[in-house]
>>> print(open('input-v9.txt').read())   # compact mmCIF, C-alpha atoms
# COMPACT_ATOMS: atom_id res chain seq x y z
CA MET A 1 20.35 31.17 150.07
CA SER A 2 19.99 34.75 151.31
CA ALA A 3 19.08 37.54 148.86
CA LEU A 4 21.85 39.65 150.46
CA PHE A 5 25.13 38.36 149.11
CA LEU A 6 28.11 38.75 151.44
CA PRO A 7 31.29 37.24 149.96
CA SER A 8 33.53 35.39 152.38
CA ASP A 9 36.49 37.22 150.80
CA TYR A 10 36.41 40.53 148.90
CA PHE A 11 39.97 40.10 147.62
CA ARG A 12 39.60 37.20 145.20
CA GLU A 13 37.68 36.33 142.07
CA LEU A 14 34.39 34.76 143.09
CA PRO A 15 33.35 31.40 141.62
CA ARG A 16 29.87 31.19 140.05
CA ALA A 17 28.89 28.54 142.60
CA GLU A 18 29.24 31.13 145.36
CA LEU A 19 27.26 33.78 143.48
CA CYS A 20 24.37 31.75 142.11
CA ALA A 21 21.75 29.40 143.53
CA ALA A 22 22.01 27.46 140.25
CA PRO A 23 25.52 28.05 138.81
CA ASP A 24 24.68 26.32 135.50
CA ARG A 25 22.11 29.00 134.60
CA PRO A 26 23.03 32.28 132.81
CA LEU A 27 24.01 35.10 135.18
CA GLU A 28 22.91 38.69 134.57
CA VAL A 29 24.37 41.58 136.57
CA GLU A 30 22.90 45.04 137.09
CA LEU A 31 25.36 47.71 138.20
CA GLY A 32 23.83 50.36 140.43
CA CYS A 33 20.48 48.60 140.90
CA GLY A 34 18.79 51.60 142.56
CA ASP A 35 15.51 50.62 144.19
CA GLY A 36 15.57 47.13 142.65
CA SER A 37 12.59 47.63 140.32
CA PHE A 38 14.43 46.54 137.18
CA LEU A 39 16.25 43.65 138.84
CA ALA A 40 13.12 42.21 140.47
CA ALA A 41 11.02 42.55 137.31
CA LEU A 42 13.67 40.89 135.14
CA ALA A 43 14.23 38.07 137.65
CA ALA A 44 10.48 37.42 137.88
CA HIS A 45 10.20 37.37 134.07
CA HIS A 46 13.20 35.03 133.66
CA PRO A 47 13.12 32.36 136.40
CA GLU A 48 15.52 30.29 134.26
CA ARG A 49 18.32 32.85 134.83
CA GLU A 50 20.29 34.12 137.83
CA PHE A 51 20.48 37.84 138.70
CA LEU A 52 22.89 39.88 140.81
CA GLY A 53 22.38 43.54 141.61
CA ILE A 54 25.41 45.56 142.69
CA GLU A 55 24.75 48.75 144.64
CA ARG A 56 26.95 50.77 146.99
CA MET A 57 24.23 52.79 148.79
CA LEU A 58 22.82 51.01 151.84
CA GLY A 59 19.29 52.43 151.53
CA ARG A 60 19.02 51.25 147.94
CA VAL A 61 20.33 47.81 148.89
CA GLY A 62 17.53 47.62 151.47
CA LYS A 63 14.88 48.58 148.90
CA THR A 64 16.19 45.99 146.46
CA LEU A 65 16.17 43.29 149.13
CA ARG A 66 12.58 44.10 150.07
CA LYS A 67 11.48 43.81 146.42
CA ILE A 68 13.28 40.49 145.96
CA GLU A 69 11.83 39.07 149.17
CA ALA A 70 8.28 40.41 148.56
CA ALA A 71 8.26 38.73 145.14
CA GLY A 72 9.63 35.48 146.57
CA LEU A 73 12.47 35.42 144.06
CA SER A 74 15.08 32.72 144.56
CA ASN A 75 17.09 33.73 141.48
CA ALA A 76 18.04 37.27 142.53
CA ARG A 77 20.61 38.60 145.00
CA VAL A 78 22.19 41.94 145.82
CA LEU A 79 25.77 42.82 146.74
CA ARG A 80 26.73 46.10 148.43
CA LEU A 81 29.91 47.21 146.67
CA GLU A 82 31.37 49.70 144.20
CA SER A 83 30.56 48.69 140.62
CA GLY A 84 34.06 49.34 139.26
CA TYR A 85 35.72 47.12 141.85
CA ALA A 86 33.17 44.32 141.45
CA THR A 87 33.56 44.34 137.68
CA GLY A 88 37.31 44.78 137.68
CA TRP A 89 38.22 42.20 140.32
CA LEU A 90 35.40 40.24 141.98
CA LEU A 91 33.06 38.84 139.32
CA PRO A 92 34.08 35.54 137.66
CA THR A 93 36.00 35.43 134.39
CA ALA A 94 33.64 34.65 131.48
CA GLY A 95 30.89 34.18 134.05
CA VAL A 96 28.37 36.88 133.09
CA ALA A 97 25.87 36.50 130.24
CA ARG A 98 24.57 40.08 130.40
CA LEU A 99 25.67 43.20 132.24
CA HIS A 100 23.25 46.13 132.60
CA LEU A 101 24.33 49.71 133.33
CA LEU A 102 21.18 51.82 133.54
CA CYS A 103 21.04 55.57 134.23
CA PRO A 104 24.43 55.70 135.96
CA ASP A 105 25.71 58.84 137.66
CA PRO A 106 26.58 60.98 134.60
CA TRP A 107 29.31 63.05 136.27
CA PRO A 108 28.27 65.96 133.98
CA LYS A 109 31.13 68.35 134.73
CA LYS A 110 33.96 68.12 132.21
CA ARG A 111 36.59 67.86 134.96
CA HIS A 112 34.75 64.82 136.37
CA ALA A 113 34.58 62.88 133.07
CA GLY A 114 37.23 60.44 134.29
CA ARG A 115 34.86 59.32 137.05
CA ARG A 116 32.35 58.00 134.52
CA LEU A 117 32.45 54.22 134.75
CA VAL A 118 32.69 53.83 130.96
CA ASN A 119 35.89 55.92 130.93
CA GLN A 120 37.70 53.81 133.53
CA GLN A 121 40.20 51.20 132.36
CA GLU A 122 39.51 49.04 135.43
CA PHE A 123 35.87 48.79 134.37
CA LEU A 124 36.52 48.29 130.65
CA GLY A 125 39.14 45.61 131.26
CA GLY A 126 36.88 43.96 133.81
CA LEU A 127 33.93 44.05 131.42
CA ALA A 128 35.97 42.26 128.76
CA ARG A 129 37.12 39.71 131.35
CA ILE A 130 33.76 38.88 132.95
CA LEU A 131 31.49 38.73 129.89
CA GLN A 132 31.35 35.27 128.39
CA PRO A 133 31.88 35.03 124.60
CA GLY A 134 28.61 36.26 123.09
CA GLY A 135 27.72 37.99 126.37
CA GLU A 136 26.16 41.44 126.22
CA PHE A 137 26.68 44.85 127.79
CA LEU A 138 23.57 47.05 127.77
CA LEU A 139 23.63 50.76 128.61
CA LYS A 140 20.78 53.24 129.05
CA THR A 141 21.29 56.85 130.12
CA ASP A 142 19.47 60.15 130.00
CA ASP A 143 22.84 61.88 129.47
CA ARG A 144 23.85 62.17 125.79
CA VAL A 145 27.51 62.88 126.59
CA TYR A 146 27.74 59.79 128.81
CA CYS A 147 26.41 57.68 125.95
CA GLU A 148 28.88 59.26 123.53
CA ASP A 149 31.73 58.49 125.95
CA ALA A 150 30.60 54.86 126.16
CA LEU A 151 30.42 54.56 122.38
CA ALA A 152 33.92 56.00 122.01
CA SER A 153 35.38 53.86 124.81
CA LEU A 154 34.01 50.57 123.51
CA GLU A 155 34.67 51.34 119.86
CA GLY A 156 38.34 51.43 120.75
CA ARG A 157 38.27 47.90 122.18
CA ALA A 158 38.50 44.93 119.81
CA GLU A 159 36.73 42.65 122.33
CA PHE A 160 33.35 44.29 121.66
CA GLU A 161 31.02 44.69 118.70
CA ARG A 162 28.06 47.07 118.69
CA LEU A 163 24.59 45.56 118.28
CA ASP A 164 21.30 47.12 117.23
CA TRP A 165 18.73 47.59 119.97
CA PRO A 166 15.36 48.15 118.32
CA ASP A 167 12.29 49.10 120.36
CA ASN A 168 10.61 46.09 121.96
CA ALA A 169 13.42 43.74 120.90
CA PHE A 170 12.98 41.84 124.17
CA PHE A 171 11.45 42.28 127.61
CA TYR A 172 13.30 45.14 129.31
CA PRO A 173 11.71 46.81 132.36
CA THR A 174 12.00 50.52 133.10
CA THR A 175 14.20 51.53 136.05
CA ASP A 176 13.09 54.04 138.69
CA PHE A 177 15.49 56.68 137.32
CA GLU A 178 14.50 56.02 133.72
CA GLY A 179 10.82 56.45 134.62
CA HIS A 180 11.63 59.71 136.36
CA TRP A 181 13.53 61.13 133.36
CA LEU A 182 10.90 59.95 130.88
CA GLY A 183 8.26 61.63 133.04
CA LEU A 184 10.17 64.88 132.66
CA GLY A 185 10.28 64.46 128.90
CA ARG A 186 14.01 63.67 128.68
CA PRO A 187 15.17 61.24 125.99
CA ILE A 188 16.85 57.99 126.98
CA HIS A 189 19.95 57.01 125.01
CA ARG A 190 20.78 53.35 124.74
CA ALA A 191 23.51 51.16 123.33
CA ARG A 192 24.24 47.46 123.30
CA TRP A 193 27.44 45.49 122.68
CA ARG A 194 28.41 41.83 122.37
CA ARG A 195 31.63 40.28 123.66
CA ARG A 196 33.46 38.79 120.67
>>> encode(input="input-v9.txt", output="structure tokens")
Amino acid sequence: MSALFLPSDYFRELPRAELCAAPDRPLEVELGCGDGSFLAALAAHHPEREFLGIERMLGRVGKTLRKIEAAGLSNARVLRLESGYATGWLLPTAGVARLHLLCPDPWPKKRHAGRRLVNQQEFLGGLARILQPGGEFLLKTDDRVYCEDALASLEGRAEFERLDWPDNAFFYPTTDFEGHWLGLGRPIHRARWRRR
């Protein structure tokens, strides 16, 4: 199974058997997987799980593929696509155990707030649809306002309950962007929710 995932049809909900080498294992999805550092590290640490990175930028897809292939990971794949569309329409209903959104584009200008993924109904509805009961949505961002928007958006949805996320609660690698912002002394805001 190739690490580059190319669906046969982009206009239907994908079955887990098409996405995963082992469809019976939990599936974790990273939206905007950047250079693939987080995805590859998590897949190497959890060989009992399946991982899918979704990234729209071709150069970043290439970097992620190289990391997956260099590590010899058979449980990680990458899909080149917009995150909102993949979440809203393509990923399987109740098929995702964990969804990671890490240092997304903050769209810092007030007039661009509607472009933030966590403010889009397509994404929020898709998130509720694709997470299995008990599944988790994890967010990290260097942008305080983005985190506040996410908290407000998910608080208004009965499908989700907020969870604590204490330091060192579980293995969670640092992304390339997170490392960059931490190196500049910027705080990282994080939040975690469970699908009811």
>>> closest_residue(input="input-v9.txt", among="A:Ile188, A:Leu182, A:Leu31, A:Arg25", to="Asp167 in chain A", atoms="all atoms listed in the file")
A:Ile188
>>> closest_residue(input="input-v9.txt", among="A:Leu58, A:Val145, A:Leu73, A:Ala17", to="Leu39 in chain A", atoms="only C-alpha atoms")
A:Leu73
>>> residues_around(input="input-v9.txt", residues="range 78-87 of chain A", least_positions_apart="5", cutoff="8 Å", atoms="all atoms listed in the file", output="ChimeraX atom specification")
/A:3-6,31-32,52-58,61,64-65,117,122-123,126-127,130
>>> residues_around(input="input-v9.txt", residues="range 11-14 of chain A", least_positions_apart="3", cutoff="8 Å", atoms="all atoms listed in the file", output="list in words")
Pro7, Glu18, Leu19, Trp89, Leu90, Leu91, Pro92 and Thr93 of chain A
>>> write_last_selection(input="input-v9.txt", atoms="C-alpha atoms", output="mmCIF file, in the frame of the given file")
data_model
loop_
_atom_site.group_PDB
_atom_site.id
_atom_site.type_symbol
_atom_site.label_atom_id
_atom_site.label_comp_id
_atom_site.auth_asym_id
_atom_site.auth_seq_id
_atom_site.Cartn_x
_atom_site.Cartn_y
_atom_site.Cartn_z
ATOM 1 C CA PRO A 7 31.290 37.240 149.960
ATOM 2 C CA GLU A 18 29.240 31.130 145.360
ATOM 3 C CA LEU A 19 27.260 33.780 143.480
ATOM 4 C CA TRP A 89 38.220 42.200 140.320
ATOM 5 C CA LEU A 90 35.400 40.240 141.980
ATOM 6 C CA LEU A 91 33.060 38.840 139.320
ATOM 7 C CA PRO A 92 34.080 35.540 137.660
ATOM 8 C CA THR A 93 36.000 35.430 134.390
#
>>> residues_around(input="input-v9.txt", residues="Asp105 in chain A", least_positions_apart="3", cutoff="10 Å", atoms="only C-alpha atoms", output="list in words")
Gly32, Leu102, Pro108, Arg115, Arg116, Leu117, Thr141, Asp142, Asp143 and Tyr146 of chain A
>>> closest_residue(input="input-v9.txt", among="A:Val96, A:Gln120, A:Gly179, A:Tyr172", to="Ala43 in chain A", atoms="only C-alpha atoms")
A:Tyr172
>>> atom_distance(input="input-v9.txt", atom1="CA of Gly34 in chain A", atom2="CA of Arg162 in chain A")
26.0 Å
>>> atom_distance(input="input-v9.txt", atom1="CA of Gly125 in chain A", atom2="CA of Arg192 in chain A")
17.0 Å
